[in-house]
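Reproduced below: data.txt, with compact mmCIF, C-alpha atoms and all ligand atoms.
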```txt
# COMPACT_ATOMS: atom_id res chain seq x y z
CA MET L 19 -2.96 -20.69 14.98
CA ARG L 20 -5.49 -20.86 12.14
CA SER L 21 -4.16 -19.02 9.11
CA TRP L 22 -4.00 -18.69 5.36
CA ILE L 23 -0.77 -20.42 4.33
CA LEU L 24 1.37 -20.55 1.19
CA ASP L 25 3.39 -23.81 1.01
CA GLU L 26 4.90 -23.34 -2.46
CA SER L 27 5.65 -20.35 -4.68
CA PRO L 28 4.36 -20.25 -7.34
CA GLY L 29 1.42 -21.82 -5.52
CA ARG L 30 -2.00 -21.35 -3.97
CA TYR L 31 -3.21 -20.46 -0.50
CA ARG L 32 -4.74 -23.01 1.86
CA PHE L 33 -6.40 -22.48 5.23
CA GLY L 34 -4.90 -24.53 8.04
CA GLU L 35 -2.94 -24.73 11.30
CA ILE L 36 0.54 -23.25 11.61
CA ALA L 37 2.76 -22.60 14.65
CA THR L 38 1.71 -19.48 16.55
CA PRO L 39 4.65 -17.04 16.29
CA GLU L 40 6.36 -15.89 19.50
CA PRO L 41 7.46 -12.25 19.93
CA GLY L 42 11.20 -11.55 20.17
CA ARG L 43 12.73 -9.11 22.71
CA ASP L 44 11.54 -5.94 20.98
CA GLU L 45 8.45 -7.38 19.27
CA VAL L 46 4.77 -7.67 20.05
CA ARG L 47 2.17 -10.25 19.06
CA VAL L 48 -1.17 -8.91 17.82
CA ARG L 49 -4.45 -10.83 17.63
CA VAL L 50 -5.68 -9.64 14.26
CA VAL L 51 -9.22 -8.17 14.19
CA ALA L 52 -9.13 -7.15 10.51
CA SER L 53 -6.56 -7.34 7.71
CA ALA L 54 -6.43 -6.08 4.12
CA LEU L 55 -5.28 -7.32 0.74
CA ASN L 56 -2.51 -5.82 -1.37
CA HIS L 57 -0.95 -6.79 -4.70
CA MET L 58 1.78 -8.43 -2.57
CA ASP L 59 -0.80 -11.14 -1.81
CA LEU L 60 -0.70 -11.98 -5.54
CA TRP L 61 3.02 -11.43 -6.22
CA VAL L 62 4.13 -13.97 -3.58
CA THR L 63 1.86 -16.66 -5.11
CA ARG L 64 3.67 -16.12 -8.44
CA GLY L 65 7.20 -16.36 -7.06
CA MET L 66 7.72 -12.59 -7.55
CA PRO L 67 9.23 -12.56 -4.96
CA ARG L 68 9.38 -16.10 -3.66
CA PRO L 69 8.96 -15.77 0.13
CA HIS L 70 10.58 -17.99 2.75
CA LEU L 71 8.17 -20.95 2.97
CA PRO L 72 5.78 -21.75 4.47
CA HIS L 73 4.49 -18.19 4.31
CA VAL L 74 1.59 -16.30 5.87
CA PRO L 75 0.40 -13.46 3.58
CA GLY L 76 -1.01 -10.05 4.53
CA CYS L 77 0.70 -6.63 4.69
CA ASP L 78 -1.99 -4.69 6.54
CA GLY L 79 -3.87 -5.21 9.76
CA ALA L 80 -5.20 -3.91 13.03
CA GLY L 81 -5.91 -5.77 16.23
CA VAL L 82 -5.32 -6.22 19.95
CA VAL L 83 -1.86 -6.77 21.49
CA ASP L 84 -1.72 -10.28 22.93
CA ALA L 85 1.90 -10.65 24.13
CA VAL L 86 5.01 -8.42 24.30
CA GLY L 87 8.76 -9.16 24.29
CA GLU L 88 10.86 -8.59 27.42
CA ALA L 89 12.43 -5.34 26.15
CA VAL L 90 9.17 -3.74 25.03
CA THR L 91 8.01 -0.60 26.79
CA GLY L 92 5.09 1.63 25.94
CA VAL L 93 2.93 -1.15 24.47
CA ALA L 94 1.02 -3.63 26.63
CA ALA L 95 -1.28 -6.63 26.23
CA GLY L 96 -4.81 -5.42 25.56
CA ASP L 97 -3.77 -2.31 23.59
CA GLU L 98 -5.79 -1.75 20.39
CA VAL L 99 -3.27 -1.05 17.63
CA VAL L 100 -2.78 -0.34 13.94
CA ILE L 101 0.19 -2.03 12.22
CA ASN L 102 2.82 -0.17 10.16
CA PRO L 103 3.91 -2.74 7.52
CA ALA L 104 7.30 -1.06 6.80
CA VAL L 105 9.91 -2.76 9.01
CA SER L 106 13.55 -1.69 9.17
CA CYS L 107 16.52 -2.28 11.48
CA ARG L 108 16.16 1.15 13.18
CA ARG L 109 19.96 1.11 13.88
CA CYS L 110 21.80 1.72 10.57
CA ALA L 111 22.82 5.14 9.23
CA ALA L 112 19.81 5.32 6.89
CA CYS L 113 17.39 4.44 9.70
CA LEU L 114 18.97 6.86 12.16
CA ALA L 115 18.77 9.61 9.52
CA GLY L 116 15.02 8.95 9.19
CA ASP L 117 15.37 7.32 5.75
CA SER L 118 14.28 3.80 6.72
CA PRO L 119 13.07 2.91 3.17
CA TYR L 120 16.80 2.98 2.23
CA CYS L 121 17.68 0.49 5.03
CA ARG L 122 19.49 -2.59 3.70
CA SER L 123 17.40 -4.70 6.10
CA PHE L 124 14.11 -3.13 4.99
CA GLN L 125 11.21 -5.60 5.08
CA ILE L 126 7.53 -5.48 4.18
CA LEU L 127 5.13 -7.35 6.42
CA GLY L 128 3.64 -10.20 4.40
CA GLU L 129 6.68 -10.36 2.09
CA GLN L 130 9.85 -11.13 4.09
CA ARG L 131 7.85 -11.60 7.33
CA TRP L 132 4.72 -13.60 8.16
CA GLY L 133 1.74 -11.32 7.63
CA THR L 134 -1.73 -10.56 8.88
CA HIS L 135 -4.08 -13.10 7.26
CA GLY L 136 -3.89 -15.44 10.26
CA GLU L 137 -5.05 -15.31 13.87
CA PHE L 138 -1.86 -13.65 15.12
CA VAL L 139 1.01 -11.59 13.73
CA VAL L 140 4.38 -10.70 15.32
CA ILE L 141 5.87 -7.29 14.55
CA PRO L 142 8.44 -4.93 16.15
CA ALA L 143 6.84 -2.83 18.88
CA ALA L 144 8.01 0.23 16.89
CA ASN L 145 5.58 -0.85 14.15
CA VAL L 146 2.38 -0.57 16.15
CA CYS L 147 0.55 2.55 17.25
CA GLY L 148 -2.70 3.18 19.05
CA LYS L 149 -5.91 2.74 17.05
CA PRO L 150 -7.83 6.03 16.84
CA PRO L 151 -10.92 5.16 18.93
CA THR L 152 -13.33 6.88 16.54
CA ARG L 153 -12.30 4.84 13.48
CA ALA L 154 -13.69 1.42 12.50
CA TRP L 155 -11.46 -1.68 12.62
CA GLU L 156 -12.05 -2.30 8.91
CA GLU L 157 -10.76 1.19 8.03
CA MET L 158 -7.76 0.88 10.34
CA ALA L 159 -6.83 -2.46 8.76
CA ALA L 160 -7.09 -0.99 5.26
CA PHE L 161 -5.11 2.22 4.96
CA GLY L 162 -1.60 1.25 6.08
CA LEU L 163 0.55 0.15 3.15
CA CYS L 164 -1.33 2.08 0.45
CA THR L 165 -1.64 5.39 2.31
CA LEU L 166 1.96 5.29 3.56
CA THR L 167 3.14 4.58 0.00
CA ALA L 168 0.97 7.30 -1.57
CA TRP L 169 2.03 9.85 1.06
CA ARG L 170 5.73 9.29 0.41
CA MET L 171 5.10 9.43 -3.36
CA LEU L 172 3.40 12.83 -3.10
CA ARG L 173 6.13 14.11 -0.77
CA ARG L 174 8.90 12.89 -3.09
CA ALA L 175 7.08 14.55 -6.01
CA ARG L 176 7.02 17.79 -3.95
CA LEU L 177 3.30 18.29 -4.47
CA SER L 178 2.13 21.66 -3.20
CA ALA L 179 -1.31 23.17 -2.69
CA GLY L 180 -2.88 24.49 -5.89
CA GLU L 181 -0.93 22.13 -8.16
CA THR L 182 -2.66 19.62 -10.41
CA VAL L 183 -2.34 15.85 -9.88
CA LEU L 184 -3.34 13.09 -12.28
CA VAL L 185 -4.00 9.73 -10.58
CA VAL L 186 -3.68 6.98 -13.21
CA GLY L 187 -5.76 3.84 -12.60
CA VAL L 188 -7.72 5.10 -9.63
CA GLY L 189 -9.08 1.68 -8.61
CA GLY L 190 -5.95 0.49 -6.77
CA GLY L 191 -5.34 1.09 -3.09
CA VAL L 192 -2.34 3.40 -3.57
CA SER L 193 -4.20 5.37 -6.25
CA SER L 194 -7.39 5.90 -4.26
CA ALA L 195 -5.30 6.84 -1.20
CA GLY L 196 -3.34 9.25 -3.41
CA LEU L 197 -6.58 10.89 -4.51
CA VAL L 198 -7.78 11.62 -0.97
CA LEU L 199 -4.29 12.66 0.22
CA ALA L 200 -3.80 15.06 -2.71
CA ARG L 201 -7.21 16.59 -2.00
CA ALA L 202 -6.22 16.93 1.68
CA MET L 203 -3.02 18.70 0.53
CA GLY L 204 -5.07 21.25 -1.41
CA ALA L 205 -4.27 20.01 -4.91
CA ARG L 206 -6.60 19.79 -7.91
CA VAL L 207 -7.04 16.10 -8.70
CA PHE L 208 -7.94 14.30 -11.92
CA ALA L 209 -8.17 10.53 -12.22
CA THR L 210 -8.35 7.77 -14.83
CA SER L 211 -10.02 4.37 -14.94
CA ARG L 212 -11.18 1.97 -17.64
CA ASP L 213 -14.40 1.52 -15.64
CA ALA L 214 -17.19 4.15 -15.84
CA ALA L 215 -18.48 3.34 -12.34
CA LYS L 216 -14.97 3.88 -10.90
CA ARG L 217 -14.68 7.20 -12.76
CA ASP L 218 -17.97 8.31 -11.15
CA ARG L 219 -16.70 7.16 -7.75
CA ALA L 220 -13.44 9.11 -8.21
CA VAL L 221 -15.43 12.28 -8.85
CA ALA L 222 -17.58 11.58 -5.78
CA LEU L 223 -14.33 11.26 -3.77
CA GLY L 224 -13.13 14.69 -4.87
CA ALA L 225 -11.62 14.38 -8.34
CA GLU L 226 -12.50 17.30 -10.61
CA ALA L 227 -13.00 14.92 -13.54
CA ALA L 228 -12.11 11.35 -14.46
CA PHE L 229 -11.07 9.99 -17.85
CA ASP L 230 -10.85 6.63 -19.61
CA SER L 231 -7.46 4.99 -18.92
CA GLY L 232 -7.51 3.57 -22.46
CA ALA L 233 -7.61 6.94 -24.31
CA GLU L 234 -5.42 10.06 -24.39
CA PHE L 235 -5.62 11.97 -21.09
CA PRO L 236 -7.22 15.40 -21.83
CA VAL L 237 -5.45 17.20 -18.97
CA ARG L 238 -2.00 18.54 -18.09
CA ALA L 239 -0.69 17.88 -14.59
CA ASP L 240 2.21 19.00 -12.39
CA VAL L 241 2.38 15.55 -10.79
CA VAL L 242 1.33 12.20 -12.26
CA LEU L 243 0.83 9.37 -9.77
CA GLU L 244 1.55 6.05 -11.56
CA ASN L 245 1.63 2.40 -10.64
CA VAL L 246 0.23 0.88 -13.84
CA GLY L 247 3.37 1.00 -15.97
CA GLY L 248 3.49 -0.36 -19.52
CA ALA L 249 -0.14 0.14 -20.55
CA THR L 250 -0.42 3.83 -19.58
CA TRP L 251 3.18 5.08 -19.34
CA ASP L 252 3.41 7.00 -22.61
CA ARG L 253 0.13 8.85 -22.07
CA SER L 254 1.10 9.54 -18.44
CA ILE L 255 4.31 11.25 -19.63
CA LYS L 256 2.42 13.25 -22.28
CA ALA L 257 0.06 14.49 -19.52
CA LEU L 258 2.95 16.18 -17.64
CA ASN L 259 3.32 19.95 -17.70
CA PRO L 260 6.81 21.33 -18.44
CA GLY L 261 8.76 20.70 -15.23
CA GLY L 262 6.25 18.03 -14.23
CA ARG L 263 7.08 15.07 -12.02
CA LEU L 264 5.95 11.51 -12.60
CA VAL L 265 6.20 9.35 -9.49
CA THR L 266 5.78 5.58 -9.65
CA CYS L 267 5.60 2.78 -7.09
CA GLY L 268 4.77 -0.13 -9.35
CA GLY L 269 4.07 -1.67 -12.71
CA THR L 270 0.94 -3.79 -12.40
CA ALA L 271 0.45 -3.76 -16.22
CA GLY L 272 4.05 -4.21 -17.28
CA PRO L 273 7.46 -3.56 -15.67
CA VAL L 274 9.38 -2.30 -18.74
CA VAL L 275 8.70 1.11 -20.34
CA GLU L 276 10.29 3.31 -23.01
CA VAL L 277 11.65 6.76 -22.18
CA ASN L 278 11.72 9.35 -24.99
CA LEU L 279 14.84 11.32 -24.05
CA PRO L 280 14.13 14.56 -26.03
CA ARG L 281 10.71 14.74 -24.42
CA LEU L 282 12.28 14.13 -21.00
CA PHE L 283 14.94 16.87 -21.28
CA PHE L 284 13.13 19.46 -23.39
CA LYS L 285 10.13 19.35 -21.05
CA GLN L 286 12.47 19.06 -18.03
CA HIS L 287 10.41 16.25 -16.57
CA GLU L 288 11.41 14.24 -13.52
CA LEU L 289 10.83 10.49 -13.16
CA ILE L 290 10.73 9.53 -9.48
CA GLY L 291 10.66 6.08 -7.94
CA SER L 292 9.20 5.59 -4.49
CA THR L 293 8.43 2.68 -2.22
CA MET L 294 6.70 2.34 1.15
CA GLY L 295 7.57 5.05 3.73
CA SER L 296 9.60 5.95 6.81
CA TYR L 297 8.55 5.82 10.45
CA ALA L 298 8.20 9.62 10.44
CA GLU L 299 5.99 9.44 7.35
CA TRP L 300 3.90 6.78 9.11
CA ASP L 301 3.41 9.15 12.05
CA GLN L 302 2.28 11.87 9.61
CA VAL L 303 -0.20 9.47 7.99
CA MET L 304 -1.51 8.41 11.42
CA GLY L 305 -2.05 12.08 12.24
CA LEU L 306 -4.11 12.55 9.07
CA VAL L 307 -6.09 9.35 9.71
CA GLY L 308 -6.75 10.34 13.32
CA ALA L 309 -8.04 13.69 12.03
CA GLY L 310 -10.53 11.96 9.72
CA LEU L 311 -8.75 11.26 6.41
CA PRO L 312 -11.18 9.13 4.34
CA VAL L 313 -10.21 5.46 3.95
CA ILE L 314 -11.62 3.91 0.78
CA VAL L 315 -12.91 0.41 1.52
CA ASP L 316 -14.24 -1.56 -1.44
CA GLU L 317 -15.57 -4.66 0.32
CA VAL L 318 -15.30 -6.46 3.67
CA VAL L 319 -15.27 -10.28 3.61
CA ASP L 320 -14.97 -12.97 6.29
CA LEU L 321 -11.64 -14.73 6.74
CA ASP L 322 -12.89 -17.90 5.01
CA ALA L 323 -13.74 -15.87 1.88
CA TYR L 324 -10.12 -14.65 1.46
CA PRO L 325 -9.62 -16.56 -1.83
CA ASP L 326 -12.68 -14.76 -3.30
CA ALA L 327 -11.11 -11.43 -2.35
CA VAL L 328 -7.80 -12.50 -3.94
CA ARG L 329 -9.68 -13.23 -7.19
CA ARG L 330 -11.42 -9.83 -7.06
CA LEU L 331 -8.00 -8.19 -6.61
CA GLU L 332 -6.54 -10.21 -9.48
CA ALA L 333 -9.42 -9.12 -11.74
CA GLY L 334 -8.90 -5.46 -10.77
CA ALA L 335 -12.61 -5.23 -9.96
CA GLN L 336 -12.20 -3.16 -6.79
CA LEU L 337 -12.00 0.55 -6.02
CA GLY L 338 -10.13 0.94 -2.75
CA LYS L 339 -9.29 -1.77 -0.29
CA LEU L 340 -10.48 -5.34 0.13
CA VAL L 341 -10.71 -6.02 3.85
CA VAL L 342 -10.86 -9.32 5.72
CA ARG L 343 -12.76 -9.45 9.01
CA HIS L 344 -11.28 -12.12 11.33
ZN ZN B 401 18.32 0.25 8.95
```
Go ahead and render the structure in this file as structure tokens.
Ligand SMILES: [Zn+2]
Amino acid sequence: MRSWILDESPGRYRFGEIATPEPGRDEVRVRVVASALNHMDLWVTRGMPRPHLPHVPGCDGAGVVDAVGEAVTGVAAGDEVVINPAVSCRRCAACLAGDSPYCRSFQILGEQRWGTHGEFVVIPAANVCGKPPTRAWEEMAAFGLCTLTAWRMLRRARLSAGETVLVVGVGGGVSSAGLVLARAMGARVFATSRDAAKRDRAVALGAEAAFDSGAEFPVRADVVLENVGGATWDRSIKALNPGGRLVTCGGTAGPVVEVNLPRLFFKQHELIGSTMGSYAEWDQVMGLVGAGLPVIVDEVVDLDAYPDAVRRLEAGAQLGKLVVRH
């Protein structure tokens, strides 16, 4: 198949021919119609983590089933599907309890498995579901990893209707998905960005107000949604109400932060880590998407322009998802 390929890590992507993957017993092969970029596309080029090489990047995608393994039921060639990028063994105690993000065999498509920025991708049949017929391919390729991640974050932070959420660094995929999910959950949402145009866009998407990420945040929130890390951490903590919860899924601007213990215990804050989501959480997200949840797409590019999209992601120039049309 024709695909974007990583031969070395650290390294750079090249477009070329690589063996078309064959589906195993309980897997399906999907001809990708559209895929989307994530920070994983950058991390694997920097050796953080170093994937098994050669590697095909791409965590998100949607397409048409092309072949199915011998044990697959309920999915057939020709089905139009959306791909859930969170893969687990579906047999261990954590998986059977519905806590697949705690599975010791947990994998992210495009990290430990070949991803979606090629002609075909192979994935367990359990990780595809029917594409809502009313939604565009570009949207269905874009929401997966970021919306699943944001949904679990808001659930783990126990966000309830009427509470206040601060979304720090609203340009990223998880952040913009968090904004629309928190609005859908009936919360008041505030956002931050260094970029005035992104602040305006956040307000247009339902934020009550948006503030400069580089200054003190003039708001107090019950839940702070973080994935920036070092650069904003201290101001994110100061923005928490007593009893507030900060939930993080990443550290794009620095992995190490300081915790002021008196502030943590006197204010009775909670710091919550979260990553990806379970199969049940995926079904909940699909329900919201099928019912019309907005999907924030920044730009759609052709497959041969993938390196341009990677550079736009690296520069942090986007608000929402960068999508590749195959
Ligand atoms: Zn498992």
Give the residues close to ligand ZN 401 (chain B), within 9 Å, counting only C-alpha atoms and all ligand atoms; write them as a short mmCIF file (atom, residue, chain, number, x, y, z; two decimals) with C-alpha atoms, keeping the file's coordinate frame.
```
data_model
loop_
_atom_site.label_atom_id
_atom_site.label_comp_id
_atom_site.auth_asym_id
_atom_site.auth_seq_id
_atom_site.Cartn_x
_atom_site.Cartn_y
_atom_site.Cartn_z
CA VAL L 105 9.91 -2.76 9.01
CA SER L 106 13.55 -1.69 9.17
CA CYS L 107 16.52 -2.28 11.48
CA ARG L 108 16.16 1.15 13.18
CA ARG L 109 19.96 1.11 13.88
CA CYS L 110 21.80 1.72 10.57
CA ALA L 111 22.82 5.14 9.23
CA ALA L 112 19.81 5.32 6.89
CA CYS L 113 17.39 4.44 9.70
CA LEU L 114 18.97 6.86 12.16
CA ASP L 117 15.37 7.32 5.75
CA SER L 118 14.28 3.80 6.72
CA PRO L 119 13.07 2.91 3.17
CA TYR L 120 16.80 2.98 2.23
CA CYS L 121 17.68 0.49 5.03
CA ARG L 122 19.49 -2.59 3.70
CA SER L 123 17.40 -4.70 6.10
CA PHE L 124 14.11 -3.13 4.99
#
```
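Those residues positioned at most 12 Å from (0.9, -12.9, -9.2) are Ser27, Pro28, Gly29, Arg30, Asn56, His57, Met58, Asp59, Leu60, Trp61, Val62, Thr63, Arg64, Gly65, Met66, Pro67, Arg68, Thr270, Ala271, Val328, Arg329, Leu331, Glu332 and Ala333 of chain L, judged using only C-alpha atoms.
Nearest to Gly76 (chain L) of all the residues L:Arg253, L:Arg49, L:Arg43, L:Arg131 is L:Arg131, counting all atoms listed in the file.
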Just the residues within 10 Å of region 235-245 of chain L, please, counting all atoms listed in the file, with nothing from its chain fewer than 6 positions along; format it as a PDB file with C-alpha atoms, in the coordinates of the input.
```
ATOM      1  CA  ALA L 168       0.970   7.300  -1.570  1.00  0.00           C
ATOM      2  CA  MET L 171       5.100   9.430  -3.360  1.00  0.00           C
ATOM      3  CA  LEU L 172       3.400  12.830  -3.100  1.00  0.00           C
ATOM      4  CA  ALA L 175       7.080  14.550  -6.010  1.00  0.00           C
ATOM      5  CA  ARG L 176       7.020  17.790  -3.950  1.00  0.00           C
ATOM      6  CA  LEU L 177       3.300  18.290  -4.470  1.00  0.00           C
ATOM      7  CA  SER L 178       2.130  21.660  -3.200  1.00  0.00           C
ATOM      8  CA  GLY L 180      -2.880  24.490  -5.890  1.00  0.00           C
ATOM      9  CA  GLU L 181      -0.930  22.130  -8.160  1.00  0.00           C
ATOM     10  CA  THR L 182      -2.660  19.620 -10.410  1.00  0.00           C
ATOM     11  CA  VAL L 183      -2.340  15.850  -9.880  1.00  0.00           C
ATOM     12  CA  LEU L 184      -3.340  13.090 -12.280  1.00  0.00           C
ATOM     13  CA  VAL L 185      -4.000   9.730 -10.580  1.00  0.00           C
ATOM     14  CA  VAL L 186      -3.680   6.980 -13.210  1.00  0.00           C
ATOM     15  CA  GLY L 187      -5.760   3.840 -12.600  1.00  0.00           C
ATOM     16  CA  VAL L 188      -7.720   5.100  -9.630  1.00  0.00           C
ATOM     17  CA  GLY L 190      -5.950   0.490  -6.770  1.00  0.00           C
ATOM     18  CA  VAL L 192      -2.340   3.400  -3.570  1.00  0.00           C
ATOM     19  CA  SER L 193      -4.200   5.370  -6.250  1.00  0.00           C
ATOM     20  CA  GLY L 196      -3.340   9.250  -3.410  1.00  0.00           C
ATOM     21  CA  LEU L 197      -6.580  10.890  -4.510  1.00  0.00           C
ATOM     22  CA  ALA L 205      -4.270  20.010  -4.910  1.00  0.00           C
ATOM     23  CA  ARG L 206      -6.600  19.790  -7.910  1.00  0.00           C
ATOM     24  CA  VAL L 207      -7.040  16.100  -8.700  1.00  0.00           C
ATOM     25  CA  PHE L 208      -7.940  14.300 -11.920  1.00  0.00           C
ATOM     26  CA  ALA L 209      -8.170  10.530 -12.220  1.00  0.00           C
ATOM     27  CA  THR L 210      -8.350   7.770 -14.830  1.00  0.00           C
ATOM     28  CA  ALA L 227     -13.000  14.920 -13.540  1.00  0.00           C
ATOM     29  CA  ALA L 228     -12.110  11.350 -14.460  1.00  0.00           C
ATOM     30  CA  PHE L 229     -11.070   9.990 -17.850  1.00  0.00           C
ATOM     31  CA  TRP L 251       3.180   5.080 -19.340  1.00  0.00           C
ATOM     32  CA  ARG L 253       0.130   8.850 -22.070  1.00  0.00           C
ATOM     33  CA  SER L 254       1.100   9.540 -18.440  1.00  0.00           C
ATOM     34  CA  ILE L 255       4.310  11.250 -19.630  1.00  0.00           C
ATOM     35  CA  LYS L 256       2.420  13.250 -22.280  1.00  0.00           C
ATOM     36  CA  ALA L 257       0.060  14.490 -19.520  1.00  0.00           C
ATOM     37  CA  LEU L 258       2.950  16.180 -17.640  1.00  0.00           C
ATOM     38  CA  ASN L 259       3.320  19.950 -17.700  1.00  0.00           C
ATOM     39  CA  PRO L 260       6.810  21.330 -18.440  1.00  0.00           C
ATOM     40  CA  GLY L 261       8.760  20.700 -15.230  1.00  0.00           C
ATOM     41  CA  GLY L 262       6.250  18.030 -14.230  1.00  0.00           C
ATOM     42  CA  ARG L 263       7.080  15.070 -12.020  1.00  0.00           C
ATOM     43  CA  LEU L 264       5.950  11.510 -12.600  1.00  0.00           C
ATOM     44  CA  VAL L 265       6.200   9.350  -9.490  1.00  0.00           C
ATOM     45  CA  THR L 266       5.780   5.580  -9.650  1.00  0.00           C
ATOM     46  CA  CYS L 267       5.600   2.780  -7.090  1.00  0.00           C
ATOM     47  CA  GLY L 268       4.770  -0.130  -9.350  1.00  0.00           C
ATOM     48  CA  GLY L 269       4.070  -1.670 -12.710  1.00  0.00           C
ATOM     49  CA  THR L 270       0.940  -3.790 -12.400  1.00  0.00           C
ATOM     50  CA  ALA L 271       0.450  -3.760 -16.220  1.00  0.00           C
ATOM     51  CA  GLY L 272       4.050  -4.210 -17.280  1.00  0.00           C
ATOM     52  CA  PRO L 273       7.460  -3.560 -15.670  1.00  0.00           C
ATOM     53  CA  HIS L 287      10.410  16.250 -16.570  1.00  0.00           C
ATOM     54  CA  GLU L 288      11.410  14.240 -13.520  1.00  0.00           C
ATOM     55  CA  LEU L 289      10.830  10.490 -13.160  1.00  0.00           C
ATOM     56  CA  ILE L 290      10.730   9.530  -9.480  1.00  0.00           C
ATOM     57  CA  GLY L 291      10.660   6.080  -7.940  1.00  0.00           C
TER      58      GLY L 291
END
```
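Take CA of Ile141 (chain L) and CA of Pro41 (chain L): the distance between them is 7.5 Å.
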Selection near region 304-309 of chain L, 9 Å with all atoms listed in the file, sequence-local residues under 5 positions removed, as a PyMOL selection string: chain L and resi 147+149-153+158+161-162+199+202+299
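Shortest separation to Gly79 (chain L) among L:Trp22, L:Phe33, L:Trp155, L:Trp132 occurs at residue L:Trp155, atoms counted being all atoms listed in the file.
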Distance criterion (only C-alpha atoms): nearest to Glu317 (chain L) out of L:Ala220, L:Ala160, L:Val50, L:Ala298: L:Ala160
For Thr38 (chain L), find every residue with an atom within 10 Å (counting all atoms listed in the file), except residues of its own chain fewer than 3 positions away, and show them as a PDB file with C-alpha atoms, in the frame of the given file.
```
ATOM      1  CA  MET L  19      -2.960 -20.690  14.980  1.00  0.00           C
ATOM      2  CA  ARG L  20      -5.490 -20.860  12.140  1.00  0.00           C
ATOM      3  CA  SER L  21      -4.160 -19.020   9.110  1.00  0.00           C
ATOM      4  CA  GLU L  35      -2.940 -24.730  11.300  1.00  0.00           C
ATOM      5  CA  PRO L  41       7.460 -12.250  19.930  1.00  0.00           C
ATOM      6  CA  ARG L  47       2.170 -10.250  19.060  1.00  0.00           C
ATOM      7  CA  GLY L 136      -3.890 -15.440  10.260  1.00  0.00           C
ATOM      8  CA  GLU L 137      -5.050 -15.310  13.870  1.00  0.00           C
ATOM      9  CA  PHE L 138      -1.860 -13.650  15.120  1.00  0.00           C
ATOM     10  CA  VAL L 139       1.010 -11.590  13.730  1.00  0.00           C
ATOM     11  CA  VAL L 140       4.380 -10.700  15.320  1.00  0.00           C
TER      12      VAL L 140
END
```
CA of Gly116 (chain L) to CA of His70 (chain L), distance in Å rounded to a single decimal: 28.1 Å
Residues near region 90-101 of chain L, cut-off 6 Å, only C-alpha atoms, skip fewer than 3 positions along chain, as a list in words: Asp44, Gly79, Ala80, Gly81, Val82, Val83, Asp84, Ala85, Gly87, Asn145, Val146, Cys147, Gly148 and Lys149 of chain L
For C-alpha atoms, I'd like the residues from the last selection saved as an mmCIF file, keeping the file's coordinate frame.
```
data_model
loop_
_atom_site.group_PDB
_atom_site.id
_atom_site.type_symbol
_atom_site.label_atom_id
_atom_site.label_comp_id
_atom_site.auth_asym_id
_atom_site.auth_seq_id
_atom_site.Cartn_x
_atom_site.Cartn_y
_atom_site.Cartn_z
ATOM 1 C CA ASP L 44 11.540 -5.940 20.980
ATOM 2 C CA GLY L 79 -3.870 -5.210 9.760
ATOM 3 C CA ALA L 80 -5.200 -3.910 13.030
ATOM 4 C CA GLY L 81 -5.910 -5.770 16.230
ATOM 5 C CA VAL L 82 -5.320 -6.220 19.950
ATOM 6 C CA VAL L 83 -1.860 -6.770 21.490
ATOM 7 C CA ASP L 84 -1.720 -10.280 22.930
ATOM 8 C CA ALA L 85 1.900 -10.650 24.130
ATOM 9 C CA GLY L 87 8.760 -9.160 24.290
ATOM 10 C CA ASN L 145 5.580 -0.850 14.150
ATOM 11 C CA VAL L 146 2.380 -0.570 16.150
ATOM 12 C CA CYS L 147 0.550 2.550 17.250
ATOM 13 C CA GLY L 148 -2.700 3.180 19.050
ATOM 14 C CA LYS L 149 -5.910 2.740 17.050
#
```
Pick from L:Val275, L:Ala37, L:Leu163, L:Leu223, whichever lies nearest to Leu311 (chain L) using all atoms listed in the file: L:Leu223
Contacts of Asp213 (chain L) within 10 Å, all atoms listed in the file, excl. fewer than 3 positions in-chain, as a ChimeraX atom specification: /L:187-189,210,216-219,229-232,335,337
Based on the selection just made, write C-alpha atoms of those residues as an mmCIF file, keeping the file's coordinate frame.
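The result, stored in result.cif:
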```
data_model
loop_
_atom_site.group_PDB
_atom_site.id
_atom_site.type_symbol
_atom_site.label_atom_id
_atom_site.label_comp_id
_atom_site.auth_asym_id
_atom_site.auth_seq_id
_atom_site.Cartn_x
_atom_site.Cartn_y
_atom_site.Cartn_z
ATOM 1 C CA GLY L 187 -5.760 3.840 -12.600
ATOM 2 C CA VAL L 188 -7.720 5.100 -9.630
ATOM 3 C CA GLY L 189 -9.080 1.680 -8.610
ATOM 4 C CA THR L 210 -8.350 7.770 -14.830
ATOM 5 C CA LYS L 216 -14.970 3.880 -10.900
ATOM 6 C CA ARG L 217 -14.680 7.200 -12.760
ATOM 7 C CA ASP L 218 -17.970 8.310 -11.150
ATOM 8 C CA ARG L 219 -16.700 7.160 -7.750
ATOM 9 C CA PHE L 229 -11.070 9.990 -17.850
ATOM 10 C CA ASP L 230 -10.850 6.630 -19.610
ATOM 11 C CA SER L 231 -7.460 4.990 -18.920
ATOM 12 C CA GLY L 232 -7.510 3.570 -22.460
ATOM 13 C CA ALA L 335 -12.610 -5.230 -9.960
ATOM 14 C CA LEU L 337 -12.000 0.550 -6.020
#
```
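What separates CA of Cys77 (chain L) from CA of Ala159 (chain L) is a distance of 9.5 Å.
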